[in-house]
Amino acid sequence: MPLRLAYSTNGFADHRLNDALQVIAGLGYDGVALTLDHQHLDPYAPHLPARVDSVRMALDAAGLDVAVETGARYLLDPWHKHQPTLLSTEGRELRLDLLRRAVNITSDLGASVTHLWSGTPPPEVSHEEAWDRLLTGVDALLQDAERAGVTLAFEPEPGMLVASLADWARLRDALGAPDRLRLTLDVGHCHCLEDRGPEECVRAVAPELAHVQIEDMRRGVHEHLPFGDGEMDFPPLLAAFGDSGYRGLVTVELPRHSHAATATARHSIGFLRAAEAAARSAAAARPGGTEDTRP
């Protein structure tokens, strides 16, 4: 089965949301990752229930699945990017409130995945205190997720408290591996900092996946690049997803390319579908391999 490709609305920041959905669907994507932000479904603007209903109708009309993301840069603090977080000395309750709103919006959209990450500890906070704050916050949010029937998809992010798959495992185990807590895997981050290759990471964590983000990247440099501008080898990576049976969204994550959103989205889906075809051809060429010719 082809991968279910999606595109993040944070890469369409200069488009109205309905226009972005029409372009993304028109290019052949299966879904979107909807970043809650001031220009795209602001969770703090008036008349939220009516606006959520309108977005749900637009998604249904476009035939798009959706995951809800919470990585807006300045939604909570106009001075400091991605602040406050669950680790902050002041304002942790603001981040928890945003995440709770996101869980409810996810449910109201008829979706099942809310994405989140840890943030970076303030300099005055010890490593262990930061972990205590994170565990307390995520544990509280899990209760909301359970009531709403939503899965929390936690992303390890380079430079944050939970940066690696090992950090993710610590978080999961410390909370007792709850069913409502799963993993967002950004495969570029795997190439950037993990000891294993991205395809090995996919195979290692496939049963835990709730969401996937994808882009090109260079080793040791956390910069999301258009496909072909980095170092990653995509046919083996996409083959690993096919072998794992993962059927969630695989979301193109290029938040710094809104200035060329339509062209970048078009290039991305063409590149990824070509890489899928190359992976199928390589599988068919192996001894005993057969290519799936079903429509």
# chains A, B, ... in the order shown; residues from 1 in each chain; ligands from 1

$ select_by_dssp --residues "region 6-182 of chain A" --states "strand (DSSP E or B)" --output "list in words"
Ala6, Tyr7, Ser8, Gly31, Val32, Ala33, Leu34, Thr35, Asp65, Val66, Ala67, Val68, Glu69, Val113, Thr114, His115, Leu116, Thr151, Leu152, Ala153, Phe154, Leu181 and Arg182 of chain A

$ residues_around --residues "Asp37 (chain A)" --least-positions-apart "4" --cutoff "8 Å" --atoms "only C-alpha atoms" --output "list of chain:residue names"
A:Leu41, A:Asp42, A:Pro43, A:Ala72, A:Leu75

$ atom_distance --atom1 "CA of Thr262 (chain A)" --atom2 "CA of Leu21 (chain A)"
11.1 Å

$ residues_around --residues "Leu96 (chain A)" --least-positions-apart "2" --cutoff "10 Å" --atoms "only C-alpha atoms" --output "list in words"
Pro84, Thr85, Leu86, Gly91, Arg92, Glu93, Leu94, Leu98, Leu99, Arg100, Arg101, Ala102, Gly137, Val138, Ala140 and Leu141 of chain A

$ write_last_selection --atoms "N, CA, C and O atoms" --output "PDB file, in the first residue's frame"
ATOM      1  N   PRO A  84       5.883  29.555  26.897  1.00  0.00           N
ATOM      2  CA  PRO A  84       6.509  28.657  27.858  1.00  0.00           C
ATOM      3  C   PRO A  84       6.265  27.198  27.491  1.00  0.00           C
ATOM      4  O   PRO A  84       5.444  26.890  26.621  1.00  0.00           O
ATOM      5  N   THR A  85       6.975  26.295  28.171  1.00  0.00           N
ATOM      6  CA  THR A  85       6.824  24.866  27.955  1.00  0.00           C
ATOM      7  C   THR A  85       6.407  24.191  29.261  1.00  0.00           C
ATOM      8  O   THR A  85       6.256  24.849  30.297  1.00  0.00           O
ATOM      9  N   LEU A  86       6.250  22.893  29.207  1.00  0.00           N
ATOM     10  CA  LEU A  86       5.950  22.143  30.438  1.00  0.00           C
ATOM     11  C   LEU A  86       7.118  22.156  31.417  1.00  0.00           C
ATOM     12  O   LEU A  86       6.966  21.728  32.568  1.00  0.00           O
ATOM     13  N   GLY A  91       4.652  29.848  33.796  1.00  0.00           N
ATOM     14  CA  GLY A  91       3.859  29.681  32.592  1.00  0.00           C
ATOM     15  C   GLY A  91       3.599  28.249  32.170  1.00  0.00           C
ATOM     16  O   GLY A  91       3.009  28.020  31.120  1.00  0.00           O
ATOM     17  N   ARG A  92       4.022  27.281  32.996  1.00  0.00           N
ATOM     18  CA  ARG A  92       3.761  25.884  32.617  1.00  0.00           C
ATOM     19  C   ARG A  92       2.276  25.632  32.417  1.00  0.00           C
ATOM     20  O   ARG A  92       1.879  24.855  31.545  1.00  0.00           O
ATOM     21  N   GLU A  93       1.444  26.321  33.215  1.00  0.00           N
ATOM     22  CA  GLU A  93       0.000  26.114  33.107  1.00  0.00           C
ATOM     23  C   GLU A  93      -0.531  26.603  31.751  1.00  0.00           C
ATOM     24  O   GLU A  93      -1.533  26.078  31.255  1.00  0.00           O
ATOM     25  N   LEU A  94       0.140  27.582  31.142  1.00  0.00           N
ATOM     26  CA  LEU A  94      -0.281  28.052  29.826  1.00  0.00           C
ATOM     27  C   LEU A  94      -0.038  26.982  28.764  1.00  0.00           C
ATOM     28  O   LEU A  94      -0.872  26.765  27.880  1.00  0.00           O
ATOM     29  N   LEU A  98      -2.862  24.975  26.547  1.00  0.00           N
ATOM     30  CA  LEU A  98      -2.827  24.840  25.092  1.00  0.00           C
ATOM     31  C   LEU A  98      -2.945  23.378  24.680  1.00  0.00           C
ATOM     32  O   LEU A  98      -3.701  23.031  23.758  1.00  0.00           O
ATOM     33  N   LEU A  99      -2.225  22.509  25.355  1.00  0.00           N
ATOM     34  CA  LEU A  99      -2.257  21.093  25.004  1.00  0.00           C
ATOM     35  C   LEU A  99      -3.639  20.496  25.263  1.00  0.00           C
ATOM     36  O   LEU A  99      -4.120  19.664  24.476  1.00  0.00           O
ATOM     37  N   ARG A 100      -4.288  20.921  26.335  1.00  0.00           N
ATOM     38  CA  ARG A 100      -5.644  20.439  26.601  1.00  0.00           C
ATOM     39  C   ARG A 100      -6.619  20.931  25.532  1.00  0.00           C
ATOM     40  O   ARG A 100      -7.492  20.178  25.078  1.00  0.00           O
ATOM     41  N   ARG A 101      -6.469  22.185  25.118  1.00  0.00           N
ATOM     42  CA  ARG A 101      -7.303  22.696  24.029  1.00  0.00           C
ATOM     43  C   ARG A 101      -7.057  21.888  22.751  1.00  0.00           C
ATOM     44  O   ARG A 101      -7.993  21.569  22.001  1.00  0.00           O
ATOM     45  N   ALA A 102      -5.788  21.556  22.502  1.00  0.00           N
ATOM     46  CA  ALA A 102      -5.448  20.789  21.307  1.00  0.00           C
ATOM     47  C   ALA A 102      -6.078  19.406  21.337  1.00  0.00           C
ATOM     48  O   ALA A 102      -6.569  18.915  20.312  1.00  0.00           O
ATOM     49  N   GLY A 137       3.397  17.079  33.903  1.00  0.00           N
ATOM     50  CA  GLY A 137       2.549  17.678  32.878  1.00  0.00           C
ATOM     51  C   GLY A 137       1.950  16.658  31.932  1.00  0.00           C
ATOM     52  O   GLY A 137       0.751  16.710  31.618  1.00  0.00           O
ATOM     53  N   VAL A 138       2.766  15.730  31.449  1.00  0.00           N
ATOM     54  CA  VAL A 138       2.259  14.737  30.504  1.00  0.00           C
ATOM     55  C   VAL A 138       1.263  13.812  31.194  1.00  0.00           C
ATOM     56  O   VAL A 138       0.237  13.431  30.606  1.00  0.00           O
ATOM     57  N   ALA A 140      -0.786  14.579  33.601  1.00  0.00           N
ATOM     58  CA  ALA A 140      -2.060  15.306  33.692  1.00  0.00           C
ATOM     59  C   ALA A 140      -2.757  15.333  32.340  1.00  0.00           C
ATOM     60  O   ALA A 140      -3.984  15.154  32.258  1.00  0.00           O
ATOM     61  N   LEU A 141      -2.003  15.541  31.273  1.00  0.00           N
ATOM     62  CA  LEU A 141      -2.594  15.605  29.943  1.00  0.00           C
ATOM     63  C   LEU A 141      -3.142  14.258  29.502  1.00  0.00           C
ATOM     64  O   LEU A 141      -4.143  14.187  28.772  1.00  0.00           O
TER      65      LEU A 141
END

$ residues_around --residues "Asp60 (chain A)" --least-positions-apart "3" --cutoff "12 Å" --atoms "only C-alpha atoms" --output "ChimeraX atom specification"
/A:18,21-22,25,30-32,53-57,63-66,109-111

$ write_last_selection --atoms "N, CA and C atoms" --output "JSON list (two decimals), in the first residue's frame"
[["chain", "number", "residue", "atom", "x", "y", "z"],
["A", 18, "ASN", "N", -8.20, 27.39, 4.54],
["A", 18, "ASN", "CA", -9.00, 26.69, 3.54],
["A", 18, "ASN", "C", -8.29, 26.61, 2.19],
["A", 21, "LEU", "N", -5.65, 23.90, 2.48],
["A", 21, "LEU", "CA", -6.24, 22.57, 2.40],
["A", 21, "LEU", "C", -6.57, 22.21, 0.95],
["A", 22, "GLN", "N", -7.06, 23.17, 0.20],
["A", 22, "GLN", "CA", -7.40, 22.90, -1.20],
["A", 22, "GLN", "C", -6.14, 22.58, -2.02],
["A", 25, "ALA", "N", -4.76, 19.05, -0.88],
["A", 25, "ALA", "CA", -5.58, 17.98, -1.45],
["A", 25, "ALA", "C", -5.41, 17.90, -2.96],
["A", 30, "ASP", "N", -2.85, 12.88, 1.28],
["A", 30, "ASP", "CA", -3.92, 12.19, 1.98],
["A", 30, "ASP", "C", -4.35, 12.90, 3.26],
["A", 31, "GLY", "N", -3.52, 13.83, 3.74],
["A", 31, "GLY", "CA", -3.86, 14.47, 5.00],
["A", 31, "GLY", "C", -3.02, 15.70, 5.24],
["A", 32, "VAL", "N", -3.27, 16.31, 6.41],
["A", 32, "VAL", "CA", -2.51, 17.46, 6.86],
["A", 32, "VAL", "C", -2.17, 17.28, 8.33],
["A", 53, "ASP", "N", -15.81, 23.44, 13.74],
["A", 53, "ASP", "CA", -16.79, 22.79, 12.86],
["A", 53, "ASP", "C", -16.52, 23.14, 11.40],
["A", 54, "SER", "N", -16.19, 24.41, 11.14],
["A", 54, "SER", "CA", -15.92, 24.84, 9.77],
["A", 54, "SER", "C", -14.69, 24.13, 9.20],
["A", 55, "VAL", "N", -13.65, 24.00, 10.02],
["A", 55, "VAL", "CA", -12.44, 23.30, 9.56],
["A", 55, "VAL", "C", -12.73, 21.83, 9.33],
["A", 56, "ARG", "N", -13.53, 21.23, 10.21],
["A", 56, "ARG", "CA", -13.86, 19.82, 10.00],
["A", 56, "ARG", "C", -14.59, 19.63, 8.67],
["A", 57, "MET", "N", -15.52, 20.52, 8.36],
["A", 57, "MET", "CA", -16.24, 20.41, 7.09],
["A", 57, "MET", "C", -15.29, 20.60, 5.91],
["A", 63, "GLY", "N", -11.33, 15.69, 1.56],
["A", 63, "GLY", "CA", -10.93, 14.29, 1.69],
["A", 63, "GLY", "C", -9.61, 14.11, 2.40],
["A", 64, "LEU", "N", -9.33, 14.97, 3.38],
["A", 64, "LEU", "CA", -8.05, 14.95, 4.08],
["A", 64, "LEU", "C", -8.20, 14.44, 5.51],
["A", 65, "ASP", "N", -7.32, 13.52, 5.90],
["A", 65, "ASP", "CA", -7.17, 13.15, 7.30],
["A", 65, "ASP", "C", -6.36, 14.24, 7.99],
["A", 66, "VAL", "N", -6.34, 14.24, 9.33],
["A", 66, "VAL", "CA", -5.66, 15.32, 10.04],
["A", 66, "VAL", "C", -5.06, 14.81, 11.34],
["A", 109, "LEU", "N", -12.51, 17.49, 15.75],
["A", 109, "LEU", "CA", -12.26, 17.34, 14.32],
["A", 109, "LEU", "C", -12.48, 15.90, 13.84],
["A", 110, "GLY", "N", -12.77, 15.00, 14.77],
["A", 110, "GLY", "CA", -12.91, 13.60, 14.41],
["A", 110, "GLY", "C", -11.58, 12.93, 14.16],
["A", 111, "ALA", "N", -10.51, 13.51, 14.69],
["A", 111, "ALA", "CA", -9.15, 12.97, 14.54],
["A", 111, "ALA", "C", -8.76, 12.23, 15.80]]

$ select_by_dssp --residues "region 106-207 of chain A" --states "helix (DSSP H, G or I)" --output "ChimeraX atom specification"
/A:106-108,127-148,165-174,187-193,198-207

$ atom_distance --atom1 "CA of Arg95 (chain A)" --atom2 "CA of Ala210 (chain A)"
21.5 Å

$ closest_residue --among "A:Ala274, A:Leu181, A:Ala148, A:Leu237" --to "Ser107 (chain A)" --atoms "only C-alpha atoms"
A:Ala148

$ residues_around --residues "Gly245 (chain A)" --least-positions-apart "3" --cutoff "9 Å" --atoms "only C-alpha atoms" --output "list of chain:residue names"
A:Met1, A:Ala206, A:Ala240, A:Phe241, A:Gly242

$ write_last_selection --atoms "N, CA, C and O atoms" --output "JSON list (two decimals), in the first residue's frame"
[["chain", "number", "residue", "atom", "x", "y", "z"],
["A", 1, "MET", "N", 0.85, -1.20, 0.00],
["A", 1, "MET", "CA", 0.00, 0.00, 0.00],
["A", 1, "MET", "C", 0.88, 1.25, 0.00],
["A", 1, "MET", "O", 1.89, 1.31, 0.68],
["A", 206, "ALA", "N", 8.57, 0.91, 15.21],
["A", 206, "ALA", "CA", 7.32, 0.84, 14.43],
["A", 206, "ALA", "C", 6.08, 0.56, 15.28],
["A", 206, "ALA", "O", 5.04, 1.21, 15.07],
["A", 240, "ALA", "N", 11.19, 0.66, 4.68],
["A", 240, "ALA", "CA", 11.06, 0.25, 6.08],
["A", 240, "ALA", "C", 9.66, 0.55, 6.60],
["A", 240, "ALA", "O", 9.09, -0.26, 7.36],
["A", 241, "PHE", "N", 9.07, 1.66, 6.19],
["A", 241, "PHE", "CA", 7.69, 1.94, 6.59],
["A", 241, "PHE", "C", 6.74, 0.90, 5.99],
["A", 241, "PHE", "O", 5.83, 0.42, 6.67],
["A", 242, "GLY", "N", 6.94, 0.58, 4.73],
["A", 242, "GLY", "CA", 6.10, -0.44, 4.11],
["A", 242, "GLY", "C", 6.22, -1.78, 4.80],
["A", 242, "GLY", "O", 5.21, -2.46, 5.06]]

$ residues_around --residues "Leu152 (chain A)" --least-positions-apart "5" --cutoff "8 Å" --atoms "only C-alpha atoms" --output "list in words"
Val113, Thr114, His115, Leu116, Leu142, Ala145, Arg180, Leu181, Arg182 and Leu183 of chain A

$ write_last_selection --atoms "all heavy atoms" --output "CSV table (one decimal), in the first residue's frame"
chain,number,residue,atom,x,y,z
A,113,VAL,N,-5.0,12.1,16.8
A,113,VAL,CA,-3.6,12.3,17.2
A,113,VAL,C,-3.3,13.7,17.5
A,113,VAL,O,-3.6,14.6,16.7
A,113,VAL,CB,-2.6,11.8,16.1
A,113,VAL,CG1,-1.2,12.2,16.4
A,113,VAL,CG2,-2.7,10.3,15.9
A,114,THR,N,-2.8,14.0,18.7
A,114,THR,CA,-2.3,15.3,19.1
A,114,THR,C,-0.8,15.2,19.4
A,114,THR,O,-0.4,14.4,20.2
A,114,THR,CB,-3.0,15.8,20.4
A,114,THR,OG1,-4.4,15.8,20.2
A,114,THR,CG2,-2.5,17.2,20.8
A,115,HIS,N,0.0,16.0,18.6
A,115,HIS,CA,1.4,16.0,18.7
A,115,HIS,C,1.9,17.0,19.8
A,115,HIS,O,1.3,18.0,20.0
A,115,HIS,CB,1.9,16.4,17.3
A,115,HIS,CG,3.3,16.9,17.3
A,115,HIS,ND1,3.6,18.3,17.5
A,115,HIS,CD2,4.5,16.4,17.1
A,115,HIS,CE1,4.9,18.5,17.4
A,115,HIS,NE2,5.5,17.3,17.2
A,116,LEU,N,3.0,16.6,20.5
A,116,LEU,CA,3.6,17.5,21.4
A,116,LEU,C,5.1,17.2,21.6
A,116,LEU,O,5.5,16.1,21.1
A,116,LEU,CB,2.9,17.4,22.8
A,116,LEU,CG,3.1,16.2,23.6
A,116,LEU,CD1,2.7,16.5,25.1
A,116,LEU,CD2,2.2,15.0,23.1
A,142,LEU,N,-2.5,13.2,29.9
A,142,LEU,CA,-3.0,11.8,29.6
A,142,LEU,C,-4.4,11.6,30.1
A,142,LEU,O,-5.2,10.9,29.4
A,142,LEU,CB,-2.1,10.8,30.2
A,142,LEU,CG,-0.8,10.5,29.3
A,142,LEU,CD1,0.2,9.7,30.2
A,142,LEU,CD2,-1.1,9.8,28.1
A,145,ALA,N,-6.6,13.2,27.5
A,145,ALA,CA,-6.5,12.4,26.3
A,145,ALA,C,-7.4,11.1,26.4
A,145,ALA,O,-8.1,10.7,25.5
A,145,ALA,CB,-5.1,12.0,26.0
A,180,ARG,N,-2.3,5.6,25.7
A,180,ARG,CA,-2.6,6.9,25.0
A,180,ARG,C,-1.4,7.7,24.7
A,180,ARG,O,-1.5,8.8,24.1
A,180,ARG,CB,-3.5,7.7,25.9
A,180,ARG,CG,-4.9,7.1,26.0
A,180,ARG,CD,-5.7,7.3,24.7
A,180,ARG,NE,-7.0,6.6,24.8
A,180,ARG,CZ,-7.8,6.5,23.7
A,180,ARG,NH1,-7.5,6.9,22.5
A,180,ARG,NH2,-9.0,5.9,23.9
A,181,LEU,N,-0.2,7.2,25.1
A,181,LEU,CA,1.1,7.9,24.8
A,181,LEU,C,1.8,7.1,23.8
A,181,LEU,O,2.3,5.9,24.0
A,181,LEU,CB,1.9,8.0,26.0
A,181,LEU,CG,3.2,8.8,25.9
A,181,LEU,CD1,3.0,10.3,25.5
A,181,LEU,CD2,4.0,8.8,27.2
A,182,ARG,N,2.0,7.7,22.6
A,182,ARG,CA,2.8,7.0,21.5
A,182,ARG,C,3.8,8.0,21.0
A,182,ARG,O,4.1,9.0,21.5
A,182,ARG,CB,1.8,6.6,20.4
A,182,ARG,CG,0.7,5.7,20.8
A,182,ARG,CD,1.1,4.4,21.3
A,182,ARG,NE,1.6,3.5,20.3
A,182,ARG,CZ,0.8,2.8,19.4
A,182,ARG,NH1,-0.5,2.9,19.6
A,182,ARG,NH2,1.3,2.0,18.5
A,183,LEU,N,4.5,7.6,19.9
A,183,LEU,CA,5.6,8.3,19.4
A,183,LEU,C,5.3,9.0,18.1
A,183,LEU,O,4.7,8.5,17.2
A,183,LEU,CB,6.8,7.3,19.2
A,183,LEU,CG,8.1,7.8,18.5
A,183,LEU,CD1,8.8,8.8,19.4
A,183,LEU,CD2,9.0,6.6,18.2

$ atom_distance --atom1 "CA of Ala177 (chain A)" --atom2 "CA of Phe154 (chain A)"
12.3 Å

$ closest_residue --among "A:Asn104, A:Cys190, A:Gln39, A:Ala169" --to "Gly149 (chain A)" --atoms "only C-alpha atoms"
A:Asn104

$ residues_around --residues "Leu238 (chain A)" --least-positions-apart "4" --cutoff "9 Å" --atoms "only C-alpha atoms" --output "list of chain:residue names"
A:Leu3, A:Glu199, A:Phe234, A:Gly242, A:Asp243, A:Leu272, A:Ala275, A:Glu276, A:Ala279

$ closest_residue --among "A:Gly230, A:Gly71, A:Pro122, A:Gly270" --to "Glu157 (chain A)" --atoms "only C-alpha atoms"
A:Gly71

$ decode --residues "region 164-176 of chain A" --atoms "all heavy atoms" --output "PDB file, in the first residue's frame"
ATOM      1  N   SER A 164      16.132  12.351  21.923  1.00  0.00           N
ATOM      2  CA  SER A 164      16.486  11.122  21.207  1.00  0.00           C
ATOM      3  C   SER A 164      15.465  10.034  21.486  1.00  0.00           C
ATOM      4  O   SER A 164      14.597  10.160  22.360  1.00  0.00           O
ATOM      5  CB  SER A 164      17.863  10.643  21.661  1.00  0.00           C
ATOM      6  OG  SER A 164      17.811  10.237  23.029  1.00  0.00           O
ATOM      7  N   LEU A 165      15.597   8.940  20.768  1.00  0.00           N
ATOM      8  CA  LEU A 165      14.720   7.797  21.028  1.00  0.00           C
ATOM      9  C   LEU A 165      14.990   7.187  22.397  1.00  0.00           C
ATOM     10  O   LEU A 165      14.076   6.645  23.023  1.00  0.00           O
ATOM     11  CB  LEU A 165      14.891   6.757  19.919  1.00  0.00           C
ATOM     12  CG  LEU A 165      14.345   7.187  18.552  1.00  0.00           C
ATOM     13  CD1 LEU A 165      14.643   6.121  17.498  1.00  0.00           C
ATOM     14  CD2 LEU A 165      12.850   7.482  18.614  1.00  0.00           C
ATOM     15  N   ALA A 166      16.207   7.282  22.887  1.00  0.00           N
ATOM     16  CA  ALA A 166      16.495   6.815  24.248  1.00  0.00           C
ATOM     17  C   ALA A 166      15.758   7.676  25.275  1.00  0.00           C
ATOM     18  O   ALA A 166      15.223   7.158  26.271  1.00  0.00           O
ATOM     19  CB  ALA A 166      17.998   6.839  24.506  1.00  0.00           C
ATOM     20  N   ASP A 167      15.716   8.979  25.053  1.00  0.00           N
ATOM     21  CA  ASP A 167      14.959   9.863  25.947  1.00  0.00           C
ATOM     22  C   ASP A 167      13.472   9.534  25.890  1.00  0.00           C
ATOM     23  O   ASP A 167      12.775   9.547  26.921  1.00  0.00           O
ATOM     24  CB  ASP A 167      15.169  11.322  25.553  1.00  0.00           C
ATOM     25  CG  ASP A 167      16.596  11.788  25.704  1.00  0.00           C
ATOM     26  OD1 ASP A 167      17.316  11.264  26.569  1.00  0.00           O
ATOM     27  OD2 ASP A 167      16.996  12.696  24.935  1.00  0.00           O
ATOM     28  N   TRP A 168      12.972   9.278  24.684  1.00  0.00           N
ATOM     29  CA  TRP A 168      11.573   8.878  24.541  1.00  0.00           C
ATOM     30  C   TRP A 168      11.289   7.622  25.362  1.00  0.00           C
ATOM     31  O   TRP A 168      10.266   7.550  26.057  1.00  0.00           O
ATOM     32  CB  TRP A 168      11.227   8.645  23.073  1.00  0.00           C
ATOM     33  CG  TRP A 168      10.152   7.610  22.868  1.00  0.00           C
ATOM     34  CD1 TRP A 168      10.302   6.352  22.370  1.00  0.00           C
ATOM     35  CD2 TRP A 168       8.762   7.741  23.183  1.00  0.00           C
ATOM     36  NE1 TRP A 168       9.103   5.691  22.353  1.00  0.00           N
ATOM     37  CE2 TRP A 168       8.137   6.519  22.851  1.00  0.00           C
ATOM     38  CE3 TRP A 168       7.995   8.764  23.715  1.00  0.00           C
ATOM     39  CZ2 TRP A 168       6.776   6.299  23.031  1.00  0.00           C
ATOM     40  CZ3 TRP A 168       6.626   8.551  23.899  1.00  0.00           C
ATOM     41  CH2 TRP A 168       6.038   7.332  23.559  1.00  0.00           C
ATOM     42  N   ALA A 169      12.168   6.646  25.308  1.00  0.00           N
ATOM     43  CA  ALA A 169      11.964   5.405  26.054  1.00  0.00           C
ATOM     44  C   ALA A 169      11.929   5.678  27.558  1.00  0.00           C
ATOM     45  O   ALA A 169      11.143   5.069  28.293  1.00  0.00           O
ATOM     46  CB  ALA A 169      13.058   4.404  25.709  1.00  0.00           C
ATOM     47  N   ARG A 170      12.770   6.610  28.012  1.00  0.00           N
ATOM     48  CA  ARG A 170      12.748   6.962  29.437  1.00  0.00           C
ATOM     49  C   ARG A 170      11.400   7.568  29.816  1.00  0.00           C
ATOM     50  O   ARG A 170      10.823   7.220  30.852  1.00  0.00           O
ATOM     51  CB  ARG A 170      13.883   7.940  29.759  1.00  0.00           C
ATOM     52  CG  ARG A 170      13.849   8.442  31.201  1.00  0.00           C
ATOM     53  CD  ARG A 170      14.959   9.424  31.516  1.00  0.00           C
ATOM     54  NE  ARG A 170      14.786   9.939  32.879  1.00  0.00           N
ATOM     55  CZ  ARG A 170      15.588  10.836  33.452  1.00  0.00           C
ATOM     56  NH1 ARG A 170      16.631  11.315  32.774  1.00  0.00           N
ATOM     57  NH2 ARG A 170      15.348  11.258  34.682  1.00  0.00           N
ATOM     58  N   LEU A 171      10.905   8.482  28.992  1.00  0.00           N
ATOM     59  CA  LEU A 171       9.603   9.104  29.261  1.00  0.00           C
ATOM     60  C   LEU A 171       8.504   8.052  29.283  1.00  0.00           C
ATOM     61  O   LEU A 171       7.688   8.000  30.217  1.00  0.00           O
ATOM     62  CB  LEU A 171       9.315  10.157  28.199  1.00  0.00           C
ATOM     63  CG  LEU A 171       7.928  10.790  28.226  1.00  0.00           C
ATOM     64  CD1 LEU A 171       7.773  11.683  29.448  1.00  0.00           C
ATOM     65  CD2 LEU A 171       7.674  11.590  26.946  1.00  0.00           C
ATOM     66  N   ARG A 172       8.444   7.228  28.258  1.00  0.00           N
ATOM     67  CA  ARG A 172       7.405   6.191  28.150  1.00  0.00           C
ATOM     68  C   ARG A 172       7.432   5.276  29.370  1.00  0.00           C
ATOM     69  O   ARG A 172       6.389   5.018  29.997  1.00  0.00           O
ATOM     70  CB  ARG A 172       7.657   5.391  26.876  1.00  0.00           C
ATOM     71  CG  ARG A 172       6.743   4.201  26.644  1.00  0.00           C
ATOM     72  CD  ARG A 172       7.407   3.233  25.674  1.00  0.00           C
ATOM     73  NE  ARG A 172       8.633   2.681  26.239  1.00  0.00           N
ATOM     74  CZ  ARG A 172       9.668   2.262  25.505  1.00  0.00           C
ATOM     75  NH1 ARG A 172       9.648   2.356  24.186  1.00  0.00           N
ATOM     76  NH2 ARG A 172      10.736   1.769  26.119  1.00  0.00           N
ATOM     77  N   ASP A 173       8.604   4.805  29.733  1.00  0.00           N
ATOM     78  CA  ASP A 173       8.703   3.847  30.835  1.00  0.00           C
ATOM     79  C   ASP A 173       8.386   4.504  32.172  1.00  0.00           C
ATOM     80  O   ASP A 173       7.775   3.876  33.047  1.00  0.00           O
ATOM     81  CB  ASP A 173      10.097   3.230  30.863  1.00  0.00           C
ATOM     82  CG  ASP A 173      10.381   2.348  29.655  1.00  0.00           C
ATOM     83  OD1 ASP A 173       9.421   2.023  28.915  1.00  0.00           O
ATOM     84  OD2 ASP A 173      11.555   2.002  29.425  1.00  0.00           O
ATOM     85  N   ALA A 174       8.811   5.759  32.358  1.00  0.00           N
ATOM     86  CA  ALA A 174       8.542   6.444  33.622  1.00  0.00           C
ATOM     87  C   ALA A 174       7.049   6.646  33.852  1.00  0.00           C
ATOM     88  O   ALA A 174       6.594   6.702  35.003  1.00  0.00           O
ATOM     89  CB  ALA A 174       9.263   7.782  33.655  1.00  0.00           C
ATOM     90  N   LEU A 175       6.280   6.747  32.752  1.00  0.00           N
ATOM     91  CA  LEU A 175       4.831   6.930  32.858  1.00  0.00           C
ATOM     92  C   LEU A 175       4.077   5.608  32.804  1.00  0.00           C
ATOM     93  O   LEU A 175       2.845   5.591  32.825  1.00  0.00           O
ATOM     94  CB  LEU A 175       4.346   7.857  31.747  1.00  0.00           C
ATOM     95  CG  LEU A 175       4.780   9.322  31.905  1.00  0.00           C
ATOM     96  CD1 LEU A 175       4.532  10.094  30.622  1.00  0.00           C
ATOM     97  CD2 LEU A 175       4.061   9.985  33.077  1.00  0.00           C
ATOM     98  N   GLY A 176       4.805   4.487  32.721  1.00  0.00           N
ATOM     99  CA  GLY A 176       4.167   3.184  32.712  1.00  0.00           C
ATOM    100  C   GLY A 176       3.675   2.740  31.351  1.00  0.00           C
ATOM    101  O   GLY A 176       2.775   1.901  31.271  1.00  0.00           O
TER     102      GLY A 176
END
